[in-house]
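File shown: structure08.pdb (PDB, C-alpha atoms).
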MODEL        1
ATOM      1  CA  MET A   1      21.254 -20.329 -15.834
ATOM      2  CA  LYS A   2      22.061 -17.693 -13.214
ATOM      3  CA  LYS A   3      25.695 -18.193 -12.174
ATOM      4  CA  ILE A   4      28.339 -17.273 -14.729
ATOM      5  CA  ALA A   5      32.132 -17.268 -14.587
ATOM      6  CA  VAL A   6      34.298 -15.147 -16.876
ATOM      7  CA  ILE A   7      37.957 -16.146 -17.229
ATOM      8  CA  GLY A   8      40.187 -13.144 -17.902
ATOM      9  CA  SER A   9      39.530  -9.561 -16.823
ATOM     10  CA  GLY A  10      41.021  -7.656 -19.768
ATOM     11  CA  THR A  11      39.108  -5.568 -22.302
ATOM     12  CA  MET A  12      36.843  -8.402 -23.444
ATOM     13  CA  GLY A  13      36.551 -10.140 -20.072
ATOM     14  CA  ASN A  14      35.443  -7.086 -18.116
ATOM     15  CA  GLY A  15      33.013  -6.168 -20.898
ATOM     16  CA  ILE A  16      31.453  -9.646 -20.848
ATOM     17  CA  ALA A  17      31.248  -9.572 -17.039
ATOM     18  CA  HIS A  18      29.620  -6.130 -17.273
ATOM     19  CA  VAL A  19      26.779  -7.201 -19.603
ATOM     20  CA  PHE A  20      25.996 -10.353 -17.614
ATOM     21  CA  ALA A  21      26.013  -8.472 -14.294
ATOM     22  CA  GLN A  22      23.885  -5.624 -15.657
ATOM     23  CA  ASN A  23      21.305  -8.196 -16.748
ATOM     24  CA  GLY A  24      20.993  -9.728 -13.285
ATOM     25  CA  PHE A  25      23.429 -12.655 -13.475
ATOM     26  CA  GLN A  26      25.800 -13.519 -10.631
ATOM     27  CA  VAL A  27      29.271 -13.225 -12.157
ATOM     28  CA  ALA A  28      32.543 -14.712 -10.928
ATOM     29  CA  LEU A  29      35.325 -12.739 -12.630
ATOM     30  CA  VAL A  30      38.559 -14.756 -12.564
ATOM     31  CA  ASP A  31      42.122 -13.602 -13.221
ATOM     32  CA  ILE A  32      45.535 -14.535 -11.849
ATOM     33  CA  SER A  33      46.152 -10.905 -10.828
ATOM     34  CA  GLN A  34      44.125  -9.082  -8.184
ATOM     35  CA  GLU A  35      45.494  -5.818  -9.571
ATOM     36  CA  ALA A  36      44.007  -6.670 -12.974
ATOM     37  CA  LEU A  37      40.688  -7.554 -11.329
ATOM     38  CA  ASN A  38      40.601  -4.237  -9.459
ATOM     39  CA  LYS A  39      41.328  -2.404 -12.709
ATOM     40  CA  ALA A  40      38.498  -4.343 -14.401
ATOM     41  CA  LEU A  41      36.006  -3.317 -11.707
ATOM     42  CA  GLY A  42      37.090   0.284 -12.188
ATOM     43  CA  THR A  43      36.509  -0.004 -15.930
ATOM     44  CA  ILE A  44      33.053  -1.516 -15.412
ATOM     45  CA  ALA A  45      32.157   1.304 -12.999
ATOM     46  CA  LYS A  46      33.374   3.925 -15.479
ATOM     47  CA  ASN A  47      31.371   2.371 -18.319
ATOM     48  CA  LEU A  48      28.272   2.244 -16.122
ATOM     49  CA  ASP A  49      28.754   5.957 -15.376
ATOM     50  CA  ARG A  50      28.692   6.625 -19.130
ATOM     51  CA  ILE A  51      25.361   4.824 -19.381
ATOM     52  CA  ILE A  52      24.021   6.843 -16.419
ATOM     53  CA  ALA A  53      25.131  10.081 -18.115
ATOM     54  CA  LYS A  54      23.011   9.137 -21.144
ATOM     55  CA  GLY A  55      19.988   8.597 -18.889
ATOM     56  CA  ASN A  56      19.793   4.847 -19.508
ATOM     57  CA  LEU A  57      20.741   3.636 -16.007
ATOM     58  CA  THR A  58      20.256   4.747 -12.399
ATOM     59  CA  GLU A  59      22.810   4.926  -9.607
ATOM     60  CA  GLU A  60      20.901   2.147  -7.852
ATOM     61  CA  GLN A  61      21.208  -0.085 -10.912
ATOM     62  CA  LYS A  62      24.919   0.658 -11.074
ATOM     63  CA  THR A  63      25.299  -0.436  -7.454
ATOM     64  CA  GLN A  64      23.316  -3.620  -8.149
ATOM     65  CA  THR A  65      25.422  -4.395 -11.236
ATOM     66  CA  LEU A  66      28.722  -3.999  -9.388
ATOM     67  CA  GLY A  67      27.279  -6.070  -6.525
ATOM     68  CA  ASN A  68      26.650  -8.920  -8.975
ATOM     69  CA  VAL A  69      30.400  -9.274  -9.696
ATOM     70  CA  THR A  70      32.696 -11.216  -7.358
ATOM     71  CA  THR A  71      36.410 -11.464  -8.166
ATOM     72  CA  TYR A  72      38.631 -14.524  -7.747
ATOM     73  CA  THR A  73      42.322 -15.201  -8.287
ATOM     74  CA  SER A  74      41.660 -18.943  -7.944
ATOM     75  CA  MET A  75      39.954 -20.470 -10.975
ATOM     76  CA  GLN A  76      38.974 -23.573  -9.030
ATOM     77  CA  GLU A  77      37.210 -21.476  -6.401
ATOM     78  CA  GLY A  78      35.572 -19.133  -8.910
ATOM     79  CA  VAL A  79      34.003 -21.751 -11.195
ATOM     80  CA  GLN A  80      33.006 -24.528  -8.817
ATOM     81  CA  ASP A  81      29.248 -23.895  -8.866
ATOM     82  CA  VAL A  82      28.591 -22.000 -12.124
ATOM     83  CA  ASP A  83      26.218 -22.915 -14.954
ATOM     84  CA  LEU A  84      28.319 -21.332 -17.703
ATOM     85  CA  VAL A  85      31.950 -20.323 -18.113
ATOM     86  CA  VAL A  86      32.988 -17.777 -20.751
ATOM     87  CA  GLU A  87      36.744 -17.867 -21.324
ATOM     88  CA  ALA A  88      38.181 -14.522 -22.462
ATOM     89  CA  ALA A  89      41.912 -15.044 -21.991
ATOM     90  CA  THR A  90      44.686 -14.043 -24.402
ATOM     91  CA  GLU A  91      44.323 -15.417 -27.946
ATOM     92  CA  ASN A  92      46.914 -18.143 -27.437
ATOM     93  CA  VAL A  93      45.994 -21.726 -28.290
ATOM     94  CA  ASP A  94      48.202 -23.427 -25.677
ATOM     95  CA  LEU A  95      46.872 -21.171 -22.917
ATOM     96  CA  LYS A  96      43.268 -21.798 -23.945
ATOM     97  CA  LEU A  97      43.755 -25.578 -24.046
ATOM     98  CA  LYS A  98      45.241 -25.507 -20.534
ATOM     99  CA  ILE A  99      42.347 -23.378 -19.264
ATOM    100  CA  PHE A 100      39.750 -25.735 -20.720
ATOM    101  CA  ARG A 101      41.464 -28.816 -19.271
ATOM    102  CA  ASP A 102      41.292 -27.129 -15.867
ATOM    103  CA  LEU A 103      37.702 -25.957 -16.368
ATOM    104  CA  ASP A 104      36.670 -29.488 -17.278
ATOM    105  CA  SER A 105      37.935 -30.773 -13.931
ATOM    106  CA  PHE A 106      36.859 -27.782 -11.803
ATOM    107  CA  THR A 107      33.258 -27.265 -12.995
ATOM    108  CA  LYS A 108      30.163 -29.399 -12.457
ATOM    109  CA  PRO A 109      29.573 -31.881 -15.320
ATOM    110  CA  GLU A 110      26.483 -30.122 -16.653
ATOM    111  CA  ALA A 111      28.170 -26.702 -16.954
ATOM    112  CA  ILE A 112      28.549 -25.262 -20.458
ATOM    113  CA  LEU A 113      32.067 -24.139 -21.382
ATOM    114  CA  ALA A 114      32.242 -21.258 -23.869
ATOM    115  CA  SER A 115      35.180 -19.450 -25.434
ATOM    116  CA  ASN A 116      35.270 -15.852 -26.637
ATOM    117  CA  THR A 117      38.028 -16.799 -29.081
ATOM    118  CA  SER A 118      37.959 -14.855 -32.342
ATOM    119  CA  SER A 119      39.621 -17.532 -34.466
ATOM    120  CA  ILE A 120      40.857 -20.632 -32.587
ATOM    121  CA  SER A 121      38.998 -23.862 -33.374
ATOM    122  CA  ILE A 122      36.189 -24.653 -30.934
ATOM    123  CA  THR A 123      36.516 -28.319 -31.920
ATOM    124  CA  LYS A 124      40.195 -28.276 -30.931
ATOM    125  CA  ILE A 125      39.389 -26.585 -27.617
ATOM    126  CA  ALA A 126      36.583 -29.082 -26.954
ATOM    127  CA  SER A 127      38.888 -32.037 -27.669
ATOM    128  CA  VAL A 128      40.799 -31.544 -24.392
ATOM    129  CA  THR A 129      37.594 -31.867 -22.325
ATOM    130  CA  THR A 130      35.360 -34.802 -21.416
ATOM    131  CA  ARG A 131      32.283 -32.829 -22.567
ATOM    132  CA  PRO A 132      32.858 -31.691 -26.182
ATOM    133  CA  ASP A 133      29.071 -31.627 -26.608
ATOM    134  CA  LYS A 134      28.914 -28.768 -24.075
ATOM    135  CA  VAL A 135      31.742 -26.638 -25.524
ATOM    136  CA  ILE A 136      30.801 -23.692 -27.760
ATOM    137  CA  GLY A 137      32.096 -20.383 -29.067
ATOM    138  CA  MET A 138      30.543 -17.178 -27.750
ATOM    139  CA  HIS A 139      32.382 -14.462 -29.667
ATOM    140  CA  PHE A 140      31.449 -11.020 -28.350
ATOM    141  CA  MET A 141      32.475  -7.847 -30.189
ATOM    142  CA  ASN A 142      34.453  -4.960 -28.712
ATOM    143  CA  PRO A 143      33.268  -2.818 -26.922
ATOM    144  CA  VAL A 144      31.047  -5.520 -25.428
ATOM    145  CA  PRO A 145      28.514  -3.262 -23.612
ATOM    146  CA  VAL A 146      27.822  -1.413 -26.901
ATOM    147  CA  MET A 147      28.125  -3.945 -29.741
ATOM    148  CA  LYS A 148      25.002  -6.025 -30.388
ATOM    149  CA  LEU A 149      26.465  -9.077 -32.134
ATOM    150  CA  VAL A 150      27.388 -12.391 -30.514
ATOM    151  CA  GLU A 151      28.863 -14.858 -33.013
ATOM    152  CA  VAL A 152      27.838 -18.293 -31.695
ATOM    153  CA  ILE A 153      30.179 -21.001 -32.997
ATOM    154  CA  ARG A 154      29.249 -24.669 -32.968
ATOM    155  CA  GLY A 155      32.121 -27.108 -32.524
ATOM    156  CA  TYR A 156      31.987 -30.433 -34.352
ATOM    157  CA  SER A 157      30.310 -32.106 -31.337
ATOM    158  CA  THR A 158      28.300 -29.191 -29.897
ATOM    159  CA  THR A 159      24.675 -30.261 -29.454
ATOM    160  CA  ASP A 160      21.595 -28.495 -30.789
ATOM    161  CA  GLU A 161      20.390 -28.067 -27.205
ATOM    162  CA  VAL A 162      23.542 -26.284 -26.033
ATOM    163  CA  THR A 163      23.563 -24.088 -29.150
ATOM    164  CA  GLN A 164      19.949 -23.091 -28.549
ATOM    165  CA  GLN A 165      20.641 -22.309 -24.882
ATOM    166  CA  ILE A 166      23.473 -19.961 -25.832
ATOM    167  CA  MET A 167      21.410 -18.320 -28.578
ATOM    168  CA  GLU A 168      18.609 -17.626 -26.072
ATOM    169  CA  LEU A 169      21.054 -16.485 -23.403
ATOM    170  CA  SER A 170      22.591 -13.993 -25.828
ATOM    171  CA  LYS A 171      19.130 -12.527 -26.422
ATOM    172  CA  GLN A 172      18.639 -12.192 -22.650
ATOM    173  CA  LEU A 173      21.731  -9.977 -22.642
ATOM    174  CA  GLY A 174      20.126  -7.692 -25.237
ATOM    175  CA  LYS A 175      22.409  -9.056 -27.954
ATOM    176  CA  ILE A 176      21.662 -10.437 -31.409
ATOM    177  CA  PRO A 177      23.208 -13.905 -31.856
ATOM    178  CA  ALA A 178      24.271 -15.277 -35.235
ATOM    179  CA  GLU A 179      25.257 -18.924 -35.590
ATOM    180  CA  ALA A 180      28.392 -20.079 -37.428
ATOM    181  CA  ASN A 181      30.147 -23.391 -37.898
ATOM    182  CA  ASP A 182      33.680 -24.080 -36.712
ATOM    183  CA  TYR A 183      36.090 -23.221 -39.525
ATOM    184  CA  PRO A 184      39.156 -20.926 -39.267
ATOM    185  CA  GLY A 185      38.131 -17.342 -38.492
ATOM    186  CA  PHE A 186      34.430 -18.356 -38.331
ATOM    187  CA  VAL A 187      32.547 -15.628 -40.265
ATOM    188  CA  ALA A 188      33.480 -12.279 -38.690
ATOM    189  CA  ASN A 189      37.245 -12.573 -38.909
ATOM    190  CA  ARG A 190      37.349 -14.716 -42.052
ATOM    191  CA  ILE A 191      35.880 -11.686 -43.849
ATOM    192  CA  LEU A 192      37.262  -8.815 -41.750
ATOM    193  CA  MET A 193      40.926  -9.816 -41.475
ATOM    194  CA  PRO A 194      41.623 -10.230 -45.214
ATOM    195  CA  MET A 195      40.124  -6.744 -45.706
ATOM    196  CA  ILE A 196      42.429  -5.296 -43.041
ATOM    197  CA  ASN A 197      45.374  -7.228 -44.469
ATOM    198  CA  GLU A 198      44.602  -5.893 -47.977
ATOM    199  CA  ALA A 199      44.488  -2.346 -46.583
ATOM    200  CA  ILE A 200      47.931  -2.896 -45.037
ATOM    201  CA  TYR A 201      49.205  -4.288 -48.361
ATOM    202  CA  SER A 202      47.844  -1.163 -50.100
ATOM    203  CA  LEU A 203      49.919   0.974 -47.731
ATOM    204  CA  TYR A 204      52.962  -1.347 -48.001
ATOM    205  CA  GLU A 205      52.892  -1.219 -51.807
ATOM    206  CA  GLY A 206      52.474   2.558 -51.907
ATOM    207  CA  VAL A 207      48.992   2.563 -53.427
ATOM    208  CA  ALA A 208      47.864   5.244 -50.962
ATOM    209  CA  GLY A 209      48.627   6.669 -47.526
ATOM    210  CA  VAL A 210      47.080   5.757 -44.163
ATOM    211  CA  GLU A 211      44.601   8.640 -44.139
ATOM    212  CA  GLU A 212      43.593   8.127 -47.775
ATOM    213  CA  ILE A 213      42.977   4.390 -47.387
ATOM    214  CA  ASP A 214      40.790   4.903 -44.326
ATOM    215  CA  THR A 215      38.929   7.861 -45.859
ATOM    216  CA  ILE A 216      38.084   5.875 -49.000
ATOM    217  CA  MET A 217      36.701   2.973 -46.955
ATOM    218  CA  LYS A 218      34.775   5.223 -44.559
ATOM    219  CA  LEU A 219      33.179   7.459 -47.170
ATOM    220  CA  GLY A 220      32.961   4.970 -50.019
ATOM    221  CA  MET A 221      31.768   1.915 -48.097
ATOM    222  CA  ALA A 222      30.041   3.645 -45.136
ATOM    223  CA  HIS A 223      32.357   1.984 -42.601
ATOM    224  CA  PRO A 224      32.319   3.788 -39.224
ATOM    225  CA  MET A 225      36.122   3.631 -39.108
ATOM    226  CA  GLY A 226      38.738   2.766 -41.680
ATOM    227  CA  PRO A 227      40.472  -0.641 -41.707
ATOM    228  CA  LEU A 228      43.831   0.710 -40.509
ATOM    229  CA  GLN A 229      42.239   2.585 -37.604
ATOM    230  CA  LEU A 230      40.220  -0.532 -36.778
ATOM    231  CA  ALA A 231      43.380  -2.655 -36.863
ATOM    232  CA  ASP A 232      44.968  -0.298 -34.324
ATOM    233  CA  PHE A 233      41.929  -0.693 -32.058
ATOM    234  CA  ILE A 234      41.855  -4.488 -32.354
ATOM    235  CA  GLY A 235      45.616  -4.705 -31.784
ATOM    236  CA  LEU A 236      48.038  -5.435 -34.615
ATOM    237  CA  ASP A 237      49.335  -8.463 -32.708
ATOM    238  CA  VAL A 238      45.785  -9.847 -32.552
ATOM    239  CA  CYS A 239      45.310  -9.208 -36.300
ATOM    240  CA  LEU A 240      48.563 -11.036 -37.008
ATOM    241  CA  SER A 241      47.544 -13.948 -34.790
ATOM    242  CA  ILE A 242      44.171 -14.338 -36.533
ATOM    243  CA  LEU A 243      45.690 -14.098 -40.014
ATOM    244  CA  THR A 244      48.208 -16.775 -39.021
ATOM    245  CA  VAL A 245      45.335 -19.047 -37.901
ATOM    246  CA  LEU A 246      43.578 -18.441 -41.240
ATOM    247  CA  HIS A 247      46.761 -19.044 -43.241
ATOM    248  CA  ASP A 248      47.625 -22.216 -41.328
ATOM    249  CA  GLY A 249      44.040 -23.494 -41.305
ATOM    250  CA  PHE A 250      43.294 -23.073 -45.006
ATOM    251  CA  GLY A 251      46.821 -23.263 -46.448
ATOM    252  CA  ASN A 252      45.794 -20.516 -48.850
ATOM    253  CA  PRO A 253      48.343 -17.753 -49.637
ATOM    254  CA  LYS A 254      45.569 -15.130 -49.794
ATOM    255  CA  TYR A 255      45.565 -15.158 -45.969
ATOM    256  CA  ALA A 256      49.342 -14.614 -45.609
ATOM    257  CA  PRO A 257      49.970 -11.638 -43.285
ATOM    258  CA  CYS A 258      51.470  -8.573 -44.958
ATOM    259  CA  PRO A 259      55.224  -8.229 -44.175
ATOM    260  CA  LEU A 260      54.585  -4.669 -42.940
ATOM    261  CA  LEU A 261      52.168  -6.018 -40.311
ATOM    262  CA  VAL A 262      54.704  -8.626 -39.216
ATOM    263  CA  ASN A 263      57.456  -6.002 -38.883
ATOM    264  CA  MET A 264      55.244  -3.602 -36.925
ATOM    265  CA  VAL A 265      54.292  -6.286 -34.409
ATOM    266  CA  GLN A 266      57.922  -7.398 -34.050
ATOM    267  CA  ALA A 267      58.892  -3.758 -33.438
ATOM    268  CA  GLY A 268      56.290  -3.492 -30.662
ATOM    269  CA  HIS A 269      53.997  -1.108 -32.581
ATOM    270  CA  LYS A 270      50.702  -2.854 -31.871
ATOM    271  CA  GLY A 271      48.231   0.000 -32.115
ATOM    272  CA  VAL A 272      46.255   1.706 -29.350
ATOM    273  CA  LYS A 273      47.570  -0.602 -26.612
ATOM    274  CA  THR A 274      51.184   0.503 -27.203
ATOM    275  CA  GLY A 275      50.475   4.077 -28.325
ATOM    276  CA  GLN A 276      51.799   3.514 -31.863
ATOM    277  CA  GLY A 277      50.407   1.749 -34.894
ATOM    278  CA  PHE A 278      49.240   3.229 -38.160
ATOM    279  CA  TYR A 279      48.227   6.196 -36.037
ATOM    280  CA  SER A 280      49.763   7.782 -32.968
ATOM    281  CA  TRP A 281      47.677   7.292 -29.815
ATOM    282  CA  THR A 282      49.835   9.104 -27.254
ATOM    283  CA  HIS A 283      48.456  12.627 -27.697
ATOM    284  CA  GLY A 284      45.453  12.146 -25.387
ATOM    285  CA  THR A 285      42.837  13.491 -27.806
ATOM    286  CA  LYS A 286      40.301  11.880 -30.121
ATOM    287  CA  ASP A 287      42.071  13.347 -33.152
ATOM    288  CA  LEU A 288      43.348  10.874 -35.731
ATOM    289  CA  ILE A 289      47.064  11.619 -36.121
ATOM    290  CA  VAL A 290      48.962   9.454 -38.585
ATOM    291  CA  ALA A 291      52.068   7.868 -37.028
ATOM    292  CA  ASP A 292      55.296   9.702 -37.914
ATOM    293  CA  ARG A 293      56.586   6.736 -39.919
ATOM    294  CA  PHE A 294      53.617   6.937 -42.305
ATOM    295  CA  LYS A 295      53.342  10.723 -42.614
ATOM    296  CA  LYS A 296      53.916  12.069 -46.104
ATOM    297  CA  LYS A 297      57.301  13.714 -46.509
TER     298      LYS A 297
ENDMDL
END
As structure tokens, the full file:
Amino acid sequence: MKKIAVIGSGTMGNGIAHVFAQNGFQVALVDISQEALNKALGTIAKNLDRIIAKGNLTEEQKTQTLGNVTTYTSMQEGVQDVDLVVEAATENVDLKLKIFRDLDSFTKPEAILASNTSSISITKIASVTTRPDKVIGMHFMNPVPVMKLVEVIRGYSTTDEVTQQIMELSKQLGKIPAEANDYPGFVANRILMPMINEAIYSLYEGVAGVEEIDTIMKLGMAHPMGPLQLADFIGLDVCLSILTVLHDGFGNPKYAPCPLLVNMVQAGHKGVKTGQGFYSWTHGTKDLIVADRFKKK
């Protein structure tokens, strides 16, 4: 397995392309926008420079890594001869189903089709293809070049052979794979999102403020960042989307998104990506500044 395609060049897509390319794979990075692809290459270059600054990469290796990535605005052209596709498009079920229908017709029959989805059913995605046995979840964590975990999700029809190939491939990337079965939220988000949601409820119900909630979880539970800060980094719209999948999938009210989260997303306050969430992200520093709306009077 040497030729890889990554669909989507956003935060996750360029990170996935980066780790494959740095480990010697030929990567076709596919997006509908050449501007987005150019931005992705710039991000990869910047992240490689950070690794060089730490003494863990040479300039020659950076050049080789960037040389391993070819960009395409045509999916059909980008995936025609690859061994594996990793889809990293927006977390939208209709979009993903369309992508996988197209991938099924554009790729060679033996190619494995993987999704980086954080919550959407792999079995559902596989059902629109003629090769459900070769469809699998490959859920990387953000930031991809740094985080070690790959959550490998077996769909209902995914074979043992395909699962083993992806587990071994993840190890080749310097990652640690962990296998999960295909139920809403898998493992990572089935556990993480209710915690984040409960933190938002604690703020919504006036139990404590933003800073206090995050401080208690960081110092009391040894979390590297608090749940509200983490929610801002993930994107509040993404958190809402995953909670909706959990709520719909299990029909259990414990997964119902907090009304405060719903209102914030509807108001366009989605965290780091929009500059406002539980914290303000427009000041250009690493300081944690609570958003004006949540500051104590």
inquiry  = Could you tell me, as a list in words, exactly which residues end up selected when the PyMOL selection byres ((chain A and resi 133) around 8) is applied to this structure?
reply    =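 Listing what the PyMOL selection byres ((chain A and resi 133) around 8) selects in the shown file: Ala126, Arg131, Pro132, Lys134, Val135, Ser157, Thr158, Thr159 and Val162 of chain A.
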inquiry  = What does the structure give for the distance between atom CA of A:Gln26 and atom CA of A:Val93, in Å to one decimal?
reply    = 28.1 Å
ask   = From the set A:Val144, A:Leu97, A:Leu169, A:Ala231, which residue has the shortest atom-to-atom contact distance to A:Met1, counting all atoms listed in the file?
value = A:Leu169
request  = Tell me which protein, DNA and RNA residues are within 7 Å of stretch 252-259 of chain A, counting only C-alpha atoms, leaving out same-chain ones fewer than 4 positions away, and put them as a ChimeraX atom specification.
outcome  = /A:194,197,200-201,240,243-244,246-247,263
request  = Name all residues at most 9 Å from A:Thr163 (count all atoms listed in the file; drop same-chain ones fewer than 6 positions away) and give them as JSON, numbers by chain.
outcome  = {"A": [134, 136, 152, 153, 154, 179]}
Would you write out those residues with C-alpha atoms, as a PDB file, keeping the file's coordinate frame?
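So selection-v9.pdb came out as:
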ATOM      1  CA  LYS A 134      28.914 -28.768 -24.075  1.00  0.00           C
ATOM      2  CA  ILE A 136      30.801 -23.692 -27.760  1.00  0.00           C
ATOM      3  CA  VAL A 152      27.838 -18.293 -31.695  1.00  0.00           C
ATOM      4  CA  ILE A 153      30.179 -21.001 -32.997  1.00  0.00           C
ATOM      5  CA  ARG A 154      29.249 -24.669 -32.968  1.00  0.00           C
ATOM      6  CA  GLU A 179      25.257 -18.924 -35.590  1.00  0.00           C
TER       7      GLU A 179
END
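Atom CA of A:Ile4 to atom CA of A:Asn68 spans 10.3 Å [interatomic distance, one decimal].
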Residues matched by the PyMOL selection byres ((chain A and resi 137-143) around 9), written as a PyMOL selection string = chain A and resi 11-12+15-16+86-87+113-118+121-122+135-136+144-155+166+170+182+234
key: One-decimal distance in Å that lies between atom CA of A:Gly8 and atom CA of A:Lys62   =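 Going from atom CA of A:Lys62 over to atom CA of A:Gly8, I get 21.7 Å.
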query = On this structure, which residues satisfy the PyMOL selection byres ((chain A and resi 33) around 12), written as number ranges by chain?
reply = A: 7-10, 29-32, 34-40, 71-75
task = Write out as a PyMOL selection string each polymer residue whose atoms come within 7 Å of stretch 273-288 of chain A, counting all atoms listed in the file; drop sequence neighbours fewer than 2 positions from it.
result = chain A and resi 210+228+232+235+269-271+290-291
message = When you look at A:Leu203 with a cut-off of 12 Å (counting only C-alpha atoms), what residues show up, excluding the ones that are within fewer than 3 positions of it in the same chain? I need them as a ChimeraX atom specification.
response = /A:196-200,206-214,227-228,258-261,278,293-296
Add whatever atoms are absent from stretch 196-202 of chain A to reach all heavy atoms, and provide the output as a PDB file, keeping the file's coordinate frame.
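File produced: part_18.pdb:
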ATOM      1  N   ILE A 196      41.400  -6.067 -43.752  1.00  0.00           N
ATOM      2  CA  ILE A 196      42.429  -5.296 -43.041  1.00  0.00           C
ATOM      3  C   ILE A 196      43.805  -5.571 -43.642  1.00  0.00           C
ATOM      4  O   ILE A 196      44.604  -4.650 -43.871  1.00  0.00           O
ATOM      5  CB  ILE A 196      42.396  -5.619 -41.533  1.00  0.00           C
ATOM      6  CG1 ILE A 196      41.167  -4.976 -40.885  1.00  0.00           C
ATOM      7  CG2 ILE A 196      43.680  -5.165 -40.833  1.00  0.00           C
ATOM      8  CD1 ILE A 196      40.963  -5.326 -39.422  1.00  0.00           C
ATOM      9  N   ASN A 197      44.080  -6.840 -43.895  1.00  0.00           N
ATOM     10  CA  ASN A 197      45.374  -7.228 -44.469  1.00  0.00           C
ATOM     11  C   ASN A 197      45.575  -6.567 -45.837  1.00  0.00           C
ATOM     12  O   ASN A 197      46.673  -6.101 -46.167  1.00  0.00           O
ATOM     13  CB  ASN A 197      45.429  -8.749 -44.596  1.00  0.00           C
ATOM     14  CG  ASN A 197      46.842  -9.291 -44.698  1.00  0.00           C
ATOM     15  OD1 ASN A 197      47.764  -8.797 -44.048  1.00  0.00           O
ATOM     16  ND2 ASN A 197      47.032 -10.312 -45.515  1.00  0.00           N
ATOM     17  N   GLU A 198      44.508  -6.514 -46.650  1.00  0.00           N
ATOM     18  CA  GLU A 198      44.602  -5.893 -47.977  1.00  0.00           C
ATOM     19  C   GLU A 198      44.838  -4.393 -47.855  1.00  0.00           C
ATOM     20  O   GLU A 198      45.565  -3.797 -48.673  1.00  0.00           O
ATOM     21  CB  GLU A 198      43.329  -6.176 -48.774  1.00  0.00           C
ATOM     22  CG  GLU A 198      43.481  -6.013 -50.276  1.00  0.00           C
ATOM     23  CD  GLU A 198      44.526  -6.936 -50.889  1.00  0.00           C
ATOM     24  OE1 GLU A 198      44.656  -8.100 -50.446  1.00  0.00           O
ATOM     25  OE2 GLU A 198      45.228  -6.482 -51.819  1.00  0.00           O
ATOM     26  N   ALA A 199      44.241  -3.772 -46.820  1.00  0.00           N
ATOM     27  CA  ALA A 199      44.488  -2.346 -46.583  1.00  0.00           C
ATOM     28  C   ALA A 199      45.952  -2.117 -46.226  1.00  0.00           C
ATOM     29  O   ALA A 199      46.575  -1.148 -46.682  1.00  0.00           O
ATOM     30  CB  ALA A 199      43.577  -1.845 -45.455  1.00  0.00           C
ATOM     31  N   ILE A 200      46.516  -3.020 -45.410  1.00  0.00           N
ATOM     32  CA  ILE A 200      47.931  -2.896 -45.037  1.00  0.00           C
ATOM     33  C   ILE A 200      48.825  -3.109 -46.261  1.00  0.00           C
ATOM     34  O   ILE A 200      49.809  -2.399 -46.463  1.00  0.00           O
ATOM     35  CB  ILE A 200      48.280  -3.889 -43.903  1.00  0.00           C
ATOM     36  CG1 ILE A 200      47.438  -3.590 -42.661  1.00  0.00           C
ATOM     37  CG2 ILE A 200      49.770  -3.803 -43.549  1.00  0.00           C
ATOM     38  CD1 ILE A 200      47.528  -4.644 -41.558  1.00  0.00           C
ATOM     39  N   TYR A 201      48.465  -4.084 -47.108  1.00  0.00           N
ATOM     40  CA  TYR A 201      49.205  -4.288 -48.361  1.00  0.00           C
ATOM     41  C   TYR A 201      49.142  -3.043 -49.249  1.00  0.00           C
ATOM     42  O   TYR A 201      50.137  -2.671 -49.899  1.00  0.00           O
ATOM     43  CB  TYR A 201      48.648  -5.493 -49.125  1.00  0.00           C
ATOM     44  CG  TYR A 201      49.401  -6.786 -48.888  1.00  0.00           C
ATOM     45  CD1 TYR A 201      48.806  -7.847 -48.216  1.00  0.00           C
ATOM     46  CD2 TYR A 201      50.708  -6.941 -49.352  1.00  0.00           C
ATOM     47  CE1 TYR A 201      49.495  -9.043 -47.997  1.00  0.00           C
ATOM     48  CE2 TYR A 201      51.405  -8.127 -49.134  1.00  0.00           C
ATOM     49  CZ  TYR A 201      50.801  -9.172 -48.461  1.00  0.00           C
ATOM     50  OH  TYR A 201      51.485 -10.337 -48.247  1.00  0.00           O
ATOM     51  N   SER A 202      47.982  -2.371 -49.278  1.00  0.00           N
ATOM     52  CA  SER A 202      47.844  -1.163 -50.100  1.00  0.00           C
ATOM     53  C   SER A 202      48.785  -0.068 -49.612  1.00  0.00           C
ATOM     54  O   SER A 202      49.349   0.682 -50.427  1.00  0.00           O
ATOM     55  CB  SER A 202      46.389  -0.672 -50.068  1.00  0.00           C
ATOM     56  OG  SER A 202      45.534  -1.636 -50.641  1.00  0.00           O
TER      57      SER A 202
END
